[in-house]
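Worksheet: one structure, shown below.
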Amino acid sequence: MARISLEHVEKVYPNGYVAARDLSLEVADGELLVLVGPSGSGKSTILRLMAGLESVTGGTIRIGERDVTDLPPQQRDIAMVFQNYALYPHMTVRQNLAFGLTIRKQPVSVIDQRVLAVAASLGLDVLLDRKPAQLSGGQRQRVALGRAIVREPLAFLFDEPLSNLDAQLRVETRVELSRLHRKLGATMVYVTHDQSEALTLGDRIAVLKEGVLQQIATPMQLYHHPANKFVAGFIGSPSMNFLDGVVRREGPGAERTFRGKDLTIDVPLRTEAPDKVFLGVRPQHLEVFGGANAGGDGTLRAEVGVVEPMGNEQIVYVTLSGGDRLVAVAPPDQQVTPGDVVSIRVRPEGIHVFDAGTGARLG
Amino acid sequence: MKARAGWGQWAMGGVLVALMVFTLFPFYWALVSSFTPDAALFRDPSLWPKDIILDHYRALFDERDFFTPIRNSLIVAGTTTFFCLTVGTLAAYALARLEFRGKAAIMAFILAVTMFPQISIVSPLYLLLRSLRLIDTYPGLIMPYMTFAMPLTVWVLTGSIRQIPRDLEEAAHVDGASRRQSFTKILLPLAVPSLATTGILTFIYCWNEFLFALSFTLGPERQTVPVAIALFRGQYQVPWGQILAAAVVATAPVAVMVLLFQRRIVQGLTAGAVKG
């Protein structure tokens, strides 16, 4: 096992498309780092740069202490699980698992022993003589995983390995992966566009947008202290609400106050703030009260548009009197019906303020 | 609704049968005629073989030495197919997988070669082959055949290699395979069905080719099957029975080969490679 470090890595395609710009990050030995971002954020390309399937246009990539920047994939000693599994269709499961060892000319006894051990641990032992075409999606996924494990590589790279599975199997496999990571103590880099997958799997998460690293932090840090508006909006479900307005020094103790179209509220800011800002509040930090004035002062009047019952909670879409739309989460037993006029209270501990120009977090 | 679907199927079946009769009848007629005495062929030809004789086949191999043209055809067609497939596969791999300048131009150029009417280049090719002392030799046929068969091979194989998911070779690279290993161990086995298809097409093209074979051979030692059959007709008579018997003998190896490879072709080896 080994750490992976990228130093000022840059990847610009001949047509001018930038997949990575001045990207520096380090995956610690034994860590599971998730690369997450919307499509086009460069996350898969960065993984392919680590694997050596694409070459960098600048910067250095190290695996362990070795500079692998100019090495082809076959000399990097890493394993990769592809989105569509990429099993060799003309080989049996056994041959698929053994391929990496056979190519490296390992003795047959070692190959057999390792293939059997990995197959047993993944429940593939009864499928060893089948071809990939005869397997279900979940089984193919496990073969792809086994093919990576059997090699005992320096690091594992995963390119959206769960996106082709159905919802239930995806959750099961996610847990399985987490367990596997713990058991092997392996360095893993995992690419996904699904923020919930990122939050549940990652020791740390790197959020990417248009080839630029936005923030790299633990799931909790990302959720509670997003570095900018993009991260705040991308991490968490349902997405964070944003209201635009200005920050002024007002009131008796000259507190900082946010003034928006519908809302005036004191905000906890330490630094000098620019005039225009975004106020961000997660749906979980909005409370819904029945009746126009039930919540008392410091509340917003809103009309309920759509209610989505989720079982453990209800997602409530409301429109403020000024026309802004918010999403709130209400307890499952609360009576909320579309068309109701309700009061919305913003819990002060859930307030984030972002610079309207740069999107950077303030305070 | 059901009744109408039934009628549709009947109509479809009728069309298929008509089409099959239309395409297969000449073969059937040739087969029947090759077993019928020449005299009977002209007096009262019958749809059903009446008095079956093997005279034509015997004459073919005893009097005419039909083995030589068959051997020539096998050597020429076999060698051409072999070289077309080896060179063609490598070229197709480069065109499908490598990045280099002028790829589209090369593809267009390869296709352009096939657009020359054969007849227009027979004379220049004859002069060329004569000065190379290749007239009436196997290479003198194999090389012109390759120039005409290769474009098809390259185009078909380029298309089918592009169909093979790139992920498979990338997975092999990450697993430790060199470019050569990923080619021989992953790509080539998956390309076998299309290799078989193009191989058969190339072989049939060479087996049936007439113009070059007639122009670039001088005597029976190097003549191929179509040329030999064409030269059966004498000044005063056309031995139809023997010609048709020869046609049956010439068709048989091709038909056998297609039947042998058929399963390979339709097997669809890439099934299950990726999600689907």
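By convention in this document, the chains of the structure tokens carry letters A, B, ... by their order, each chain's residues are numbered from 1, and ligands are numbered from 1 in the order they are shown.
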Which neighbours of Glu308 of chain A fall inside 12 Å, counting only C-alpha atoms, when residues of the same chain fewer than 4 positions from it are skipped, and could you give them as JSON, numbers by chain?
-> {"A": [238, 304, 312, 313, 314, 315, 316, 317, 318, 327, 328, 329, 330, 331, 332, 336, 337, 338]}
Residues just named, written with all heavy atoms as a short mmCIF file (atom, residue, chain, number, x, y, z; two decimals), in the first residue's frame:
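File written: again_16.cif
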data_model
loop_
_atom_site.label_atom_id
_atom_site.label_comp_id
_atom_site.auth_asym_id
_atom_site.auth_seq_id
_atom_site.Cartn_x
_atom_site.Cartn_y
_atom_site.Cartn_z
N PRO A 238 -31.94 17.47 0.62
CA PRO A 238 -32.00 18.31 -0.59
C PRO A 238 -30.96 19.43 -0.54
O PRO A 238 -30.42 19.71 0.52
CB PRO A 238 -33.41 18.89 -0.54
CG PRO A 238 -34.14 18.13 0.49
CD PRO A 238 -33.14 17.56 1.42
N VAL A 304 -47.16 26.97 0.68
CA VAL A 304 -46.65 25.64 0.38
C VAL A 304 -47.02 25.26 -1.06
O VAL A 304 -48.17 25.40 -1.47
CB VAL A 304 -47.23 24.60 1.36
CG1 VAL A 304 -46.76 23.19 0.98
CG2 VAL A 304 -46.85 24.93 2.78
N ASN A 312 -39.53 9.11 6.70
CA ASN A 312 -38.92 9.60 7.93
C ASN A 312 -38.98 11.12 8.02
O ASN A 312 -38.66 11.70 9.04
CB ASN A 312 -37.47 9.12 8.05
CG ASN A 312 -36.61 9.64 6.92
OD1 ASN A 312 -37.12 9.97 5.84
ND2 ASN A 312 -35.33 9.75 7.15
N GLU A 313 -39.34 11.79 6.94
CA GLU A 313 -39.44 13.25 6.92
C GLU A 313 -40.30 13.65 5.73
O GLU A 313 -40.65 12.82 4.89
CB GLU A 313 -38.05 13.89 6.82
CG GLU A 313 -37.33 13.48 5.55
CD GLU A 313 -35.89 13.95 5.48
OE1 GLU A 313 -35.29 14.20 6.54
OE2 GLU A 313 -35.37 14.05 4.35
N GLN A 314 -40.64 14.96 5.69
CA GLN A 314 -41.37 15.47 4.53
C GLN A 314 -40.54 16.60 3.93
O GLN A 314 -40.01 17.44 4.66
CB GLN A 314 -42.72 16.03 4.93
CG GLN A 314 -43.61 15.05 5.65
CD GLN A 314 -44.94 15.69 6.02
OE1 GLN A 314 -45.83 15.82 5.19
NE2 GLN A 314 -45.06 16.13 7.26
N ILE A 315 -40.44 16.62 2.63
CA ILE A 315 -39.74 17.71 1.98
C ILE A 315 -40.79 18.69 1.47
O ILE A 315 -41.70 18.32 0.73
CB ILE A 315 -38.85 17.21 0.83
CG1 ILE A 315 -37.78 16.27 1.43
CG2 ILE A 315 -38.20 18.36 0.10
CD1 ILE A 315 -36.98 15.54 0.41
N VAL A 316 -40.67 19.93 1.94
CA VAL A 316 -41.71 20.93 1.67
C VAL A 316 -41.13 22.02 0.79
O VAL A 316 -40.11 22.63 1.12
CB VAL A 316 -42.22 21.54 2.99
CG1 VAL A 316 -43.39 22.48 2.72
CG2 VAL A 316 -42.61 20.45 3.97
N TYR A 317 -41.76 22.25 -0.37
CA TYR A 317 -41.34 23.30 -1.29
C TYR A 317 -42.26 24.50 -1.08
O TYR A 317 -43.46 24.38 -1.26
CB TYR A 317 -41.42 22.82 -2.74
CG TYR A 317 -40.48 21.68 -3.03
CD1 TYR A 317 -40.81 20.36 -2.67
CD2 TYR A 317 -39.26 21.90 -3.66
CE1 TYR A 317 -39.94 19.31 -2.93
CE2 TYR A 317 -38.39 20.84 -3.93
CZ TYR A 317 -38.73 19.56 -3.56
OH TYR A 317 -37.87 18.53 -3.81
N VAL A 318 -41.68 25.64 -0.69
CA VAL A 318 -42.52 26.81 -0.41
C VAL A 318 -42.07 28.00 -1.24
O VAL A 318 -40.94 28.06 -1.73
CB VAL A 318 -42.47 27.19 1.08
CG1 VAL A 318 -42.94 26.05 1.95
CG2 VAL A 318 -41.07 27.64 1.47
N VAL A 327 -36.69 25.27 0.06
CA VAL A 327 -37.02 23.89 0.35
C VAL A 327 -36.78 23.68 1.84
O VAL A 327 -35.73 24.08 2.36
CB VAL A 327 -36.14 22.91 -0.45
CG1 VAL A 327 -36.53 21.48 -0.17
CG2 VAL A 327 -36.24 23.21 -1.94
N ALA A 328 -37.74 23.09 2.53
CA ALA A 328 -37.59 22.84 3.96
C ALA A 328 -37.87 21.38 4.24
O ALA A 328 -38.53 20.70 3.46
CB ALA A 328 -38.57 23.72 4.74
N VAL A 329 -37.34 20.91 5.37
CA VAL A 329 -37.63 19.54 5.79
C VAL A 329 -38.48 19.61 7.06
O VAL A 329 -38.11 20.31 8.01
CB VAL A 329 -36.33 18.76 6.05
CG1 VAL A 329 -36.63 17.44 6.72
CG2 VAL A 329 -35.59 18.54 4.75
N ALA A 330 -39.62 18.93 7.04
CA ALA A 330 -40.51 18.96 8.20
C ALA A 330 -40.61 17.56 8.78
O ALA A 330 -40.40 16.57 8.07
CB ALA A 330 -41.89 19.45 7.76
N PRO A 331 -40.91 17.46 10.07
CA PRO A 331 -41.09 16.13 10.67
C PRO A 331 -42.24 15.40 9.99
O PRO A 331 -43.14 16.03 9.47
CB PRO A 331 -41.43 16.44 12.13
CG PRO A 331 -41.15 17.87 12.35
CD PRO A 331 -41.09 18.54 11.03
N PRO A 332 -42.21 14.06 10.04
CA PRO A 332 -43.18 13.28 9.27
C PRO A 332 -44.61 13.42 9.77
O PRO A 332 -45.55 13.26 8.99
CB PRO A 332 -42.69 11.83 9.43
CG PRO A 332 -41.85 11.84 10.66
CD PRO A 332 -41.22 13.19 10.72
N VAL A 336 -48.89 19.32 6.80
CA VAL A 336 -48.59 20.34 5.80
C VAL A 336 -49.30 19.95 4.52
O VAL A 336 -49.15 18.82 4.05
CB VAL A 336 -47.08 20.44 5.53
CG1 VAL A 336 -46.77 21.69 4.73
CG2 VAL A 336 -46.28 20.42 6.82
N THR A 337 -50.11 20.85 3.97
CA THR A 337 -50.83 20.55 2.74
C THR A 337 -50.51 21.63 1.71
O THR A 337 -50.37 22.80 2.08
CB THR A 337 -52.35 20.55 2.97
OG1 THR A 337 -52.60 20.59 4.38
CG2 THR A 337 -52.99 19.35 2.36
N PRO A 338 -50.38 21.25 0.45
CA PRO A 338 -50.14 22.25 -0.59
C PRO A 338 -51.22 23.33 -0.55
O PRO A 338 -52.40 23.02 -0.37
CB PRO A 338 -50.22 21.44 -1.88
CG PRO A 338 -49.85 20.06 -1.49
CD PRO A 338 -50.37 19.90 -0.09
#
Per residue of chain A within 8 Å of chain B, record the nearest atom pair and its distance in Å to one decimal, counting only C-alpha atoms, with rows in chain order and ascending residue number, as JSON lines.
{"residue": "A:Ala51", "atom": "CA", "partner": "B:Val174", "partner_atom": "CA", "distance": 7.0}
{"residue": "A:Leu53", "atom": "CA", "partner": "B:Glu170", "partner_atom": "CA", "distance": 7.0}
{"residue": "A:Pro73", "atom": "CA", "partner": "B:Val174", "partner_atom": "CA", "distance": 5.1}
{"residue": "A:Gln74", "atom": "CA", "partner": "B:Gly176", "partner_atom": "CA", "distance": 3.9}
{"residue": "A:Gln75", "atom": "CA", "partner": "B:Gly176", "partner_atom": "CA", "distance": 6.8}
{"residue": "A:Arg76", "atom": "CA", "partner": "B:Val174", "partner_atom": "CA", "distance": 7.9}
{"residue": "A:Asp77", "atom": "CA", "partner": "B:Gly176", "partner_atom": "CA", "distance": 7.4}
{"residue": "A:Ile78", "atom": "CA", "partner": "B:Val174", "partner_atom": "CA", "distance": 6.7}
{"residue": "A:Ala79", "atom": "CA", "partner": "B:Val174", "partner_atom": "CA", "distance": 6.1}
{"residue": "A:Met80", "atom": "CA", "partner": "B:Val174", "partner_atom": "CA", "distance": 6.7}
{"residue": "A:Phe82", "atom": "CA", "partner": "B:Asp167", "partner_atom": "CA", "distance": 7.5}
{"residue": "A:Asn84", "atom": "CA", "partner": "B:Val274", "partner_atom": "CA", "distance": 5.1}
{"residue": "A:Tyr85", "atom": "CA", "partner": "B:Val274", "partner_atom": "CA", "distance": 6.1}
{"residue": "A:Ala86", "atom": "CA", "partner": "B:Leu168", "partner_atom": "CA", "distance": 5.0}
{"residue": "A:Leu87", "atom": "CA", "partner": "B:Ala273", "partner_atom": "CA", "distance": 5.3}
{"residue": "A:Tyr88", "atom": "CA", "partner": "B:Ala273", "partner_atom": "CA", "distance": 5.9}
{"residue": "A:Pro89", "atom": "CA", "partner": "B:Ala273", "partner_atom": "CA", "distance": 4.6}
{"residue": "A:His90", "atom": "CA", "partner": "B:Leu269", "partner_atom": "CA", "distance": 6.6}
{"residue": "A:Phe99", "atom": "CA", "partner": "B:Asp175", "partner_atom": "CA", "distance": 7.2}
{"residue": "A:Gly100", "atom": "CA", "partner": "B:Asp175", "partner_atom": "CA", "distance": 4.6}
{"residue": "A:Ile103", "atom": "CA", "partner": "B:Ala177", "partner_atom": "CA", "distance": 6.2}
{"residue": "A:Arg104", "atom": "CA", "partner": "B:Gly176", "partner_atom": "CA", "distance": 6.8}
{"residue": "A:Lys131", "atom": "CA", "partner": "B:Gly272", "partner_atom": "CA", "distance": 7.9}
{"residue": "A:Pro132", "atom": "CA", "partner": "B:Gly272", "partner_atom": "CA", "distance": 5.2}
{"residue": "A:Ala133", "atom": "CA", "partner": "B:Gly272", "partner_atom": "CA", "distance": 3.7}
{"residue": "A:Gln134", "atom": "CA", "partner": "B:Gly272", "partner_atom": "CA", "distance": 7.3}
{"residue": "A:Leu135", "atom": "CA", "partner": "B:Gly272", "partner_atom": "CA", "distance": 7.9}
{"residue": "A:Gly137", "atom": "CA", "partner": "B:Lys275", "partner_atom": "CA", "distance": 7.1}
{"residue": "A:Asn164", "atom": "CA", "partner": "B:Lys275", "partner_atom": "CA", "distance": 7.3}
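All residues of protein, DNA or RNA that reach within 8 Å of Gly260 of chain A, judged by only C-alpha atoms and not counting those fewer than 3 positions away in the chain, are Leu243, Asp244, Gly245, Val246, Leu263 and Thr264 of chain A.
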Going by DSSP on the backbone, which bits of segment 17-248 of chain A are strand (DSSP E)? Write them as a PDB file with C-alpha atoms, in the first residue's frame, please.
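File selection10.pdb, as written:
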ATOM      1  CA  VAL A  18      -9.256  21.850 -19.228  1.00  0.00           C
ATOM      2  CA  ALA A  19      -9.791  18.684 -17.182  1.00  0.00           C
ATOM      3  CA  ALA A  20      -7.441  19.599 -14.312  1.00  0.00           C
ATOM      4  CA  ARG A  21      -5.903  22.918 -13.400  1.00  0.00           C
ATOM      5  CA  ASP A  22      -3.060  23.286 -10.887  1.00  0.00           C
ATOM      6  CA  LEU A  23      -4.362  20.346  -8.907  1.00  0.00           C
ATOM      7  CA  SER A  24      -2.493  19.346  -5.770  1.00  0.00           C
ATOM      8  CA  LEU A  25      -3.795  16.716  -3.419  1.00  0.00           C
ATOM      9  CA  GLU A  26      -2.546  13.803  -1.431  1.00  0.00           C
ATOM     10  CA  VAL A  27      -4.206  10.474  -0.714  1.00  0.00           C
ATOM     11  CA  LEU A  32     -10.310   6.246   0.917  1.00  0.00           C
ATOM     12  CA  LEU A  33     -10.523   9.540  -0.916  1.00  0.00           C
ATOM     13  CA  VAL A  34     -13.646  10.301  -2.926  1.00  0.00           C
ATOM     14  CA  LEU A  35     -13.461  12.590  -5.953  1.00  0.00           C
ATOM     15  CA  VAL A  36     -16.885  14.077  -6.454  1.00  0.00           C
ATOM     16  CA  GLY A  58       2.022  19.530 -16.352  1.00  0.00           C
ATOM     17  CA  GLY A  59       2.892  18.621 -12.771  1.00  0.00           C
ATOM     18  CA  THR A  60       4.005  15.448 -11.025  1.00  0.00           C
ATOM     19  CA  ILE A  61       2.226  12.291  -9.872  1.00  0.00           C
ATOM     20  CA  ARG A  62       3.791  10.094  -7.204  1.00  0.00           C
ATOM     21  CA  ILE A  63       2.667   6.683  -5.998  1.00  0.00           C
ATOM     22  CA  ARG A  66       8.118   6.799  -6.876  1.00  0.00           C
ATOM     23  CA  ASP A  67       7.566   9.459  -9.524  1.00  0.00           C
ATOM     24  CA  ILE A  78      -2.360   0.045  -9.342  1.00  0.00           C
ATOM     25  CA  ALA A  79      -5.728  -1.604  -9.941  1.00  0.00           C
ATOM     26  CA  MET A  80      -8.779   0.005 -11.430  1.00  0.00           C
ATOM     27  CA  VAL A  81     -12.454  -0.910 -11.398  1.00  0.00           C
ATOM     28  CA  ALA A 155      -3.655   1.408  -4.646  1.00  0.00           C
ATOM     29  CA  PHE A 156      -7.200   0.928  -5.954  1.00  0.00           C
ATOM     30  CA  LEU A 157      -8.951   3.301  -8.328  1.00  0.00           C
ATOM     31  CA  PHE A 158     -12.738   3.158  -8.713  1.00  0.00           C
ATOM     32  CA  ASP A 159     -14.508   4.910 -11.563  1.00  0.00           C
ATOM     33  CA  THR A 187      -5.321   3.211  -0.414  1.00  0.00           C
ATOM     34  CA  MET A 188      -8.375   3.881  -2.543  1.00  0.00           C
ATOM     35  CA  VAL A 189      -9.516   6.675  -4.801  1.00  0.00           C
ATOM     36  CA  TYR A 190     -13.187   6.611  -5.659  1.00  0.00           C
ATOM     37  CA  VAL A 191     -14.900   8.729  -8.302  1.00  0.00           C
ATOM     38  CA  THR A 192     -18.611   9.437  -8.165  1.00  0.00           C
ATOM     39  CA  ARG A 204     -12.086  12.535   2.938  1.00  0.00           C
ATOM     40  CA  ILE A 205     -13.846  14.024  -0.068  1.00  0.00           C
ATOM     41  CA  ALA A 206     -12.411  16.228  -2.783  1.00  0.00           C
ATOM     42  CA  VAL A 207     -15.037  18.356  -4.516  1.00  0.00           C
ATOM     43  CA  LEU A 208     -14.194  19.330  -8.089  1.00  0.00           C
ATOM     44  CA  LYS A 209     -15.662  21.797 -10.514  1.00  0.00           C
ATOM     45  CA  VAL A 212     -10.426  22.938 -10.162  1.00  0.00           C
ATOM     46  CA  LEU A 213     -10.324  21.544  -6.636  1.00  0.00           C
ATOM     47  CA  GLN A 214     -12.956  23.367  -4.578  1.00  0.00           C
ATOM     48  CA  GLN A 215     -12.420  21.790  -1.187  1.00  0.00           C
ATOM     49  CA  ILE A 216     -10.899  18.647   0.269  1.00  0.00           C
ATOM     50  CA  ALA A 217     -12.123  17.695   3.723  1.00  0.00           C
ATOM     51  CA  ASN A 241     -31.256  27.159  -0.147  1.00  0.00           C
ATOM     52  CA  PHE A 242     -29.677  30.409  -1.268  1.00  0.00           C
ATOM     53  CA  LEU A 243     -31.095  33.932  -0.877  1.00  0.00           C
ATOM     54  CA  ASP A 244     -29.357  37.022  -2.195  1.00  0.00           C
ATOM     55  CA  GLY A 245     -29.101  40.238  -0.283  1.00  0.00           C
ATOM     56  CA  VAL A 246     -26.676  42.587   1.461  1.00  0.00           C
ATOM     57  CA  VAL A 247     -24.878  42.598   4.790  1.00  0.00           C
ATOM     58  CA  ARG A 248     -25.013  45.811   6.843  1.00  0.00           C
TER      59      ARG A 248
END
Run DSSP on the backbone and grab whatever in segment 101-318 of chain A lands in helix (DSSP H, G or I); send it over as a count of residues only.
-> 77
List as a short mmCIF file (atom, residue, chain, number, x, y, z; two decimals) with N, CA and C atoms, in the first residue's frame the protein and nucleic acid residues near Tyr145 of chain B, meaning an atom at most 10 Å away when only C-alpha atoms are counted, but skip any in the same chain fewer than 4 places from it.
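File written: result-v4.cif
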data_model
loop_
_atom_site.label_atom_id
_atom_site.label_comp_id
_atom_site.auth_asym_id
_atom_site.auth_seq_id
_atom_site.Cartn_x
_atom_site.Cartn_y
_atom_site.Cartn_z
N VAL B 76 -3.55 -19.49 -54.25
CA VAL B 76 -3.66 -18.05 -54.46
C VAL B 76 -4.66 -17.42 -53.48
N ALA B 77 -5.85 -18.02 -53.37
CA ALA B 77 -6.87 -17.44 -52.50
C ALA B 77 -6.44 -17.54 -51.03
N THR B 80 -3.53 -15.03 -50.30
CA THR B 80 -4.05 -13.66 -50.29
C THR B 80 -4.82 -13.40 -49.01
N THR B 81 -5.71 -14.34 -48.65
CA THR B 81 -6.51 -14.15 -47.44
C THR B 81 -5.61 -14.02 -46.21
N CYS B 84 -3.88 -10.64 -46.28
CA CYS B 84 -4.87 -9.58 -46.08
C CYS B 84 -5.25 -9.48 -44.62
N PRO B 139 2.82 -15.31 -57.02
CA PRO B 139 2.88 -13.92 -56.53
C PRO B 139 2.29 -12.93 -57.52
N GLY B 140 2.38 -13.26 -58.82
CA GLY B 140 1.83 -12.38 -59.84
C GLY B 140 0.31 -12.25 -59.75
N LEU B 141 -0.35 -13.21 -59.11
CA LEU B 141 -1.78 -13.09 -58.88
C LEU B 141 -2.07 -12.58 -57.47
N ALA B 149 -8.35 -6.61 -52.43
CA ALA B 149 -9.09 -7.17 -51.29
C ALA B 149 -8.79 -6.43 -50.00
N MET B 150 -7.57 -5.87 -49.91
CA MET B 150 -7.14 -5.24 -48.65
C MET B 150 -8.06 -4.10 -48.18
N THR B 202 -12.83 -12.25 -48.44
CA THR B 202 -11.60 -12.14 -49.23
C THR B 202 -11.36 -13.41 -50.03
N TYR B 205 -13.73 -13.69 -52.92
CA TYR B 205 -13.34 -12.75 -53.98
C TYR B 205 -12.21 -13.35 -54.82
N CYS B 206 -11.16 -13.86 -54.16
CA CYS B 206 -10.02 -14.42 -54.89
C CYS B 206 -10.40 -15.69 -55.64
N GLU B 209 -12.35 -14.62 -58.79
CA GLU B 209 -11.81 -13.58 -59.67
C GLU B 209 -11.44 -14.19 -61.03
N PHE B 212 -8.12 -10.86 -63.88
CA PHE B 212 -6.68 -10.89 -63.60
C PHE B 212 -6.13 -12.29 -63.84
N ALA B 213 -6.88 -13.29 -63.36
CA ALA B 213 -6.42 -14.67 -63.47
C ALA B 213 -6.24 -15.06 -64.93
#
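Near segment 237-242 of chain B, within a cut-off of 9 Å and counting only C-alpha atoms, sit the residues Ala30, Ser33, Ser34, Phe35, Thr36, Pro37, Asp38, Leu41, Asp55, His56, Tyr57, Ala59, Leu60, Ile229, Phe232, Arg233, Gly234, Gln235, Leu244, Ala245, Ala246 and Ala247 of chain B, with same-chain residues fewer than 2 positions away left out.
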Exercise: Tyr28 of chain B partners within 10 Å, only C-alpha atoms, chain neighbours under 5 positions left out, as an mmCIF file with all heavy atoms, in the first residue's frame:
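Saved as out.cif:
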data_model
loop_
_atom_site.group_PDB
_atom_site.id
_atom_site.type_symbol
_atom_site.label_atom_id
_atom_site.label_comp_id
_atom_site.auth_asym_id
_atom_site.auth_seq_id
_atom_site.Cartn_x
_atom_site.Cartn_y
_atom_site.Cartn_z
ATOM 1 N N VAL B 21 -36.340 -19.595 -53.702
ATOM 2 C CA VAL B 21 -36.416 -20.319 -54.969
ATOM 3 C C VAL B 21 -35.630 -19.558 -56.026
ATOM 4 O O VAL B 21 -34.826 -20.115 -56.773
ATOM 5 C CB VAL B 21 -37.889 -20.492 -55.410
ATOM 6 C CG1 VAL B 21 -37.962 -21.011 -56.842
ATOM 7 C CG2 VAL B 21 -38.607 -21.438 -54.455
ATOM 8 N N THR B 23 -33.110 -17.493 -55.720
ATOM 9 C CA THR B 23 -31.654 -17.508 -55.580
ATOM 10 C C THR B 23 -31.079 -18.917 -55.679
ATOM 11 O O THR B 23 -29.990 -19.104 -56.191
ATOM 12 C CB THR B 23 -31.219 -16.899 -54.227
ATOM 13 O OG1 THR B 23 -32.061 -17.433 -53.214
ATOM 14 C CG2 THR B 23 -31.314 -15.400 -54.240
ATOM 15 N N SER B 33 -28.041 -30.786 -63.613
ATOM 16 C CA SER B 33 -27.490 -30.916 -64.963
ATOM 17 C C SER B 33 -26.135 -31.607 -64.957
ATOM 18 O O SER B 33 -25.780 -32.315 -65.907
ATOM 19 C CB SER B 33 -27.348 -29.540 -65.617
ATOM 20 O OG SER B 33 -28.594 -28.887 -65.599
ATOM 21 N N SER B 34 -25.384 -31.390 -63.857
ATOM 22 C CA SER B 34 -24.048 -31.974 -63.836
ATOM 23 C C SER B 34 -24.102 -33.494 -63.740
ATOM 24 O O SER B 34 -23.109 -34.161 -63.974
ATOM 25 C CB SER B 34 -23.236 -31.391 -62.674
ATOM 26 O OG SER B 34 -23.743 -31.870 -61.445
ATOM 27 N N LEU B 47 -36.726 -31.318 -64.585
ATOM 28 C CA LEU B 47 -36.474 -30.655 -63.301
ATOM 29 C C LEU B 47 -35.917 -31.651 -62.292
ATOM 30 O O LEU B 47 -35.189 -31.295 -61.388
ATOM 31 C CB LEU B 47 -37.766 -30.045 -62.771
ATOM 32 C CG LEU B 47 -38.011 -28.564 -63.123
ATOM 33 C CD1 LEU B 47 -39.266 -28.075 -62.448
ATOM 34 C CD2 LEU B 47 -36.811 -27.709 -62.756
ATOM 35 N N TRP B 48 -36.337 -32.904 -62.421
ATOM 36 C CA TRP B 48 -35.847 -33.918 -61.494
ATOM 37 C C TRP B 48 -34.780 -34.757 -62.162
ATOM 38 O O TRP B 48 -34.913 -35.096 -63.319
ATOM 39 C CB TRP B 48 -37.007 -34.821 -61.030
ATOM 40 C CG TRP B 48 -38.195 -34.029 -60.621
ATOM 41 C CD1 TRP B 48 -39.396 -33.967 -61.265
ATOM 42 C CD2 TRP B 48 -38.271 -33.148 -59.505
ATOM 43 N NE1 TRP B 48 -40.237 -33.100 -60.628
ATOM 44 C CE2 TRP B 48 -39.583 -32.576 -59.534
ATOM 45 C CE3 TRP B 48 -37.407 -32.780 -58.493
ATOM 46 C CZ2 TRP B 48 -40.011 -31.654 -58.580
ATOM 47 C CZ3 TRP B 48 -37.832 -31.873 -57.544
ATOM 48 C CH2 TRP B 48 -39.109 -31.320 -57.593
ATOM 49 N N VAL B 248 -19.947 -26.969 -59.761
ATOM 50 C CA VAL B 248 -20.331 -27.559 -58.470
ATOM 51 C C VAL B 248 -19.088 -27.809 -57.630
ATOM 52 O O VAL B 248 -19.037 -27.466 -56.438
ATOM 53 C CB VAL B 248 -21.115 -28.882 -58.695
ATOM 54 C CG1 VAL B 248 -21.289 -29.614 -57.370
ATOM 55 C CG2 VAL B 248 -22.462 -28.591 -59.323
#
Which neighbours of Leu49 of chain A fall inside 10 Å, counting only C-alpha atoms, when residues of the same chain fewer than 4 positions from it are skipped, and could you give them as a list in words?
-> Leu6, Val9, Glu10, Lys11, Ala20, Lys43, Ser44, Thr45, Leu53, Glu54, Ser55, Val56, Ile61, Thr69 and Pro73 of chain A
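Distances here use only C-alpha atoms; by that measure, the residue among B:Ile142, B:Ile164, B:Lys50, B:Leu128 closest to Pro193 of chain B is B:Ile164.
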d(atom CA of Pro153 of chain A, atom CA of Gln141 of chain A) in Å = 18.4 Å
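Across A:Gly350, A:Ala2, A:Asp203, A:Thr257, the tightest approach to Glu152 of chain A is made by A:Ala2 when counting only C-alpha atoms.
Atom CA of Ala191 of chain B is found 10.6 Å from atom CA of Gly159 of chain B.
Interatomic distance, atom CA of Asp355 of chain A to atom CA of Leu279 of chain A: 9.0 Å.
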